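Let me begin by presenting the structure, written as structure tokens, before commenting on it.
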Amino acid sequence: MAGMTAGLGADAAALAAVAALVGLAWVAGSAILGAAPAAERLGMGVLCLTGAAWLVMLQPLAGVSIVGEPWALRALIVAALAAGLARRPPLRPPGYAVGPAVAIVAAGLVVSAAAWLVPGDDYPARYTDVLWHEGWIRQLVGGGNAPGGVYADVPNAYPWLEHALAALVMSAGGLAMTPTLIAVEALMLLALGTGTWLLAIELELDPAAAAWAAVLATAGGGIGWLEAGGPAAVLTASPADPSTTPAGLLGFQRGISHYGGDLLLSPAPTPALGNIPPAMPRELGLALVPLAVWAAVRAAHRSAPRWWALAGTAAGLAFLASPVAGIVAAFAGLAVAAAHRSRAAWVAIPPLVGVAGVWLGPLAWHTADLGGLVNTTRGRPIEPTAAQALVAIAVLLVLAALGAGLAARSRAIDRRALTAVTAGLIVPALAAAAVPGLDAVPAVTRLLHYLPAAALGLALPAGVAAAWLVGRARGKGRILAAVAIAVVAAASAATASAGMVEVLHRSGEHPLLRCDEPLGGPDAGTIAVVGAPNGPAPSDPLALTVFARTGAPLLYISRPRIRFPDIYLHIPAQAPRFFALRAIDIGRPAPADVTRVLAPASDATPPGFAAAGSCRVGTVADGRYRTVPYRWFVRG
């Protein structure tokens with residue numbers, strides 16, 4: 001009952017946050033565009049909200065943290081809202097398409113169902129990326145100018161627009177992590193659905209085709225559900241280790257070879273699978289791509305430099321969430337400019353460079369100062385075969401092939417722009433598939449990272465086909481045809497979404513860490529996590545869970561993922577950290593910067609520390625789950 005009550009509370013907080021974000025987006029979009037169609041105002045408002053997150057990324061240059069001061073942040077939001085309302089924008093929409101809006105929202109609810117039905121942060125131990133992101137968000141909310149690493153004094157090396165956006169929501173709303181992530185994901189889905197609708201309308205697709213394009217972009221996929229036959233999700237591309245995975249979760253941690261390459265959540269081959277919770281920063285980047293391309297197509301149609309500037313800005317914002325998304329957005333914009341021979345397209349370059357430079361500039365400085373960059377990816381990235389990629393996008397591909405033929409014969413559609421946009425979104429994936437083996441920079445060369453953009457490109461002509469198929473039916477047959485297409489197209493996302501619901505239910509029954517009191521924040525000093533059940537050093541999932549719950553620096557972790565090779569000239573290296581941790585484990589004094597210790601309850605109290613609370617840590621041996629009592633200590 002307590003878990004259900006907490007879940008309802010998280011849902012209520014998330015719903016309130018979503019309503020506030022949509023309201024802010026509406027006011028901002030209305031203040032800028034005036035009496036424009038509702039979707040245009042929402043799209044512009046979403047760009048304004050992500051622009052506010054970009055301003056947060058200026059914190060390191062200013063040397064202050066506005067996110068770490070919630071009341072000052074709230075005052076700024078109220079002032080911005082008042083300034084928008086002072087322009088007396090027409091807040092009542094001039095008209096809106098109820099049917100398409102309901103369909104797009106329904107598609108978004110299908111893929112995000114797990115967040116609403118099982119709100120919590122108990123993700124499987126192998127699904128660790130979200131733990132890094134949660135820790136970085138807490139670092140910002142705790143007063144950090146920028147996310148760093150799991151060790152103190154490590155500079156940022158990850159594009160952090162999504163973390164800035166989440167920190168804004170979390171700090172301004174006084175929210176916990178769970179409702180924060182739900183609200184940010186809802187904003188991503190709003191950007192994806194609204195942006196695809198706007199792009200389709202700008203390409204002169206009729207409203208029915210535009211609605212189908214938005215629905216397919218949000219929830220369309222492949223045919224892996226035929227093999228699954230029920231709830232199923234592949235959490236990561238690499239196969240599970242039965243010895244370290246609870247037996248009840250083994251069916252949800254298979255590798256990419258299962259279900260024909262479909263139902264894979266990380267990295268996901270389609271936007272639908274990527275937005276199944278927990279959505280990663282790359283999903284925010286992809287969600288901004290349609291808005292960037294919409295602005296580019298409008299700029300080409302109107303020969304309007306200001307729209308080219310907006311396109312460059314939006315592409316830059318996409319880059320700051322996911323460099324792959326920024327590359328795709330820029331390439332698609334270039335394709336549009338070439339197709340329309342737009343001489344004003346160069347206007348997009350300065351804002352693109354300026355927006356992206358807020359992260360690339362400091363990264364370049366730290367790279368030069370700290371010996372370059374190293375690849376932190378473990379092993380060779382797993383890529384799908386051609387057959388697996390086709391299975392993952394099969395429904396979109398079939399509909400897109402039919403839609404391309406229909407569009408080629410249509411005089412109502414801007415065929416030149418549609419071809420340019422579709423090619424601009426698909427060609428990067430083809431290029432990534434054609435040049436394998438660039439392991440030095442897997443983050444921007446992996447085919448799996450480009451497949452979602454290709455799926456987004458297929459959704460546009462696929463929307464034309466879906467609308468045509470429904471239009472050919474008569475009477476009640478239209479409803480049946482629409483339902484059939486929607487079910488077949490979204491079955492992959494629905495199957496994986498239901499699978500993730502089961503995963504979260506089972507993970508909640510097998511939590512990695514449960515404490516009776518919070519462990520504190522990032523400003524309370526370094527934490528040592530000692531004596532993990534599987535060995536003398538802490539397992540990365542446990543240490544990362546502590547980092548995710550606190551944002552505090554750790555004394556030691558076996559894989560810190562630090563990209564700067566010379567950073568250990570300025571901070572303690574791995575070996576001294578490990579031996580300092582072992583010293584604590586055998587009862588010797590902790591280093592001066594360690595203020596908290598998490599250790600098994602059987603261990604003696606570390607010298608100079610006092611017991612502050614109890615925890616239970618979950619561990620798995622031979623597929624069986626058990627818990628170990630832990631205590632946490634604070635320096636006395």
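Chain labels follow the order of the structure tokens: the first chain is A, the next B, and so on; residue numbering restarts at 1 in every chain, and ligands are counted from 1 in their shown order.
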Once DSSP has gone over the backbone, tell me which residues of range 229-353 of chain A are in helix (DSSP H, G or I), as a PyMOL selection string.
chain A and resi 242-244+247-252+258-261+271-274+281-302+305-321+323-340+343-353
Nearby residues (only C-alpha atoms) at most 10 Å from Glu40 in chain A, same-chain spacing under 2 positions excluded, as a list in words
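Residues meeting the cut-off are Trp26, Gly29, Ser30, Leu33, Gly34, Ala35, Ala36, Pro37, Ala38, Leu42, Gly43, Met44, Gly45, Val46, Thr194, Gly195, Trp197, Leu198 and Leu291 of chain A.
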Just the number, please: distance in Å from CA of Arg626 in chain A to CA of Gly135 in chain A, one decimal.
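Between CA of Arg626 in chain A and CA of Gly135 in chain A the gap is 25.6 Å.
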Which residue is closest to Thr367 in chain A? Choose from A:Ala311, A:Val297, A:Leu418, A:Ile567 and count only C-alpha atoms.
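Comparing A:Ala311, A:Val297, A:Leu418, A:Ile567 against Thr367 in chain A, the winner is A:Ile567.
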Excluding Ala356 in chain A and residues on its chain fewer than 3 positions from it, collect all residues at most 12 Å away from it, counting only C-alpha atoms, and give them as a VMD selection string.
chain A and resid 51 54 to 55 57 to 58 159 to 161 312 to 323 326 to 327 330 349 to 353 359 to 364
Between A:Asp414, A:Glu283, A:Glu227, A:Asp523, which is the closest to Glu204 in chain A once you count only C-alpha atoms?
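So, comparing all the options, the nearest one is A:Asp414.
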So which residues touch Leu140 in chain A within 8 Å, counting only C-alpha atoms, skipping near sequence neighbours fewer than 3 positions away, as a VMD selection string?
chain A and resid 65 67 to 68 136 to 137 143 to 147 163 to 164 167
Pick from A:Ala309, A:Ala423, A:Ala498, A:Ala573, whichever lies nearest to Val328 in chain A using only C-alpha atoms
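Ranking A:Ala309, A:Ala423, A:Ala498, A:Ala573 by distance to Val328 in chain A, first place goes to A:Ala423.
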Neighbours of range 578-590 of chain A within 9 Å (only C-alpha atoms; same-chain residues fewer than 2 positions away dropped), as a ChimeraX atom specification?
/A:528-531,536-537,555-558,573-576,592-595,597,599,603-608
Just how far from CA of Ala299 in chain A is CA of Leu334 in chain A, in Å to one decimal?
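That distance, rounded to one decimal, is 11.9 Å.
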Excluding range 228-241 of chain A and residues on its chain fewer than 6 positions from it, collect all residues at most 6 Å away from it, counting only C-alpha atoms, and give them as a list in words.
Phe252, Gln253, Arg254, Gly255, Ile256, Leu263, Leu264, Leu265, Ser266, Thr495, Ala496, Ala498 and Gly499 of chain A
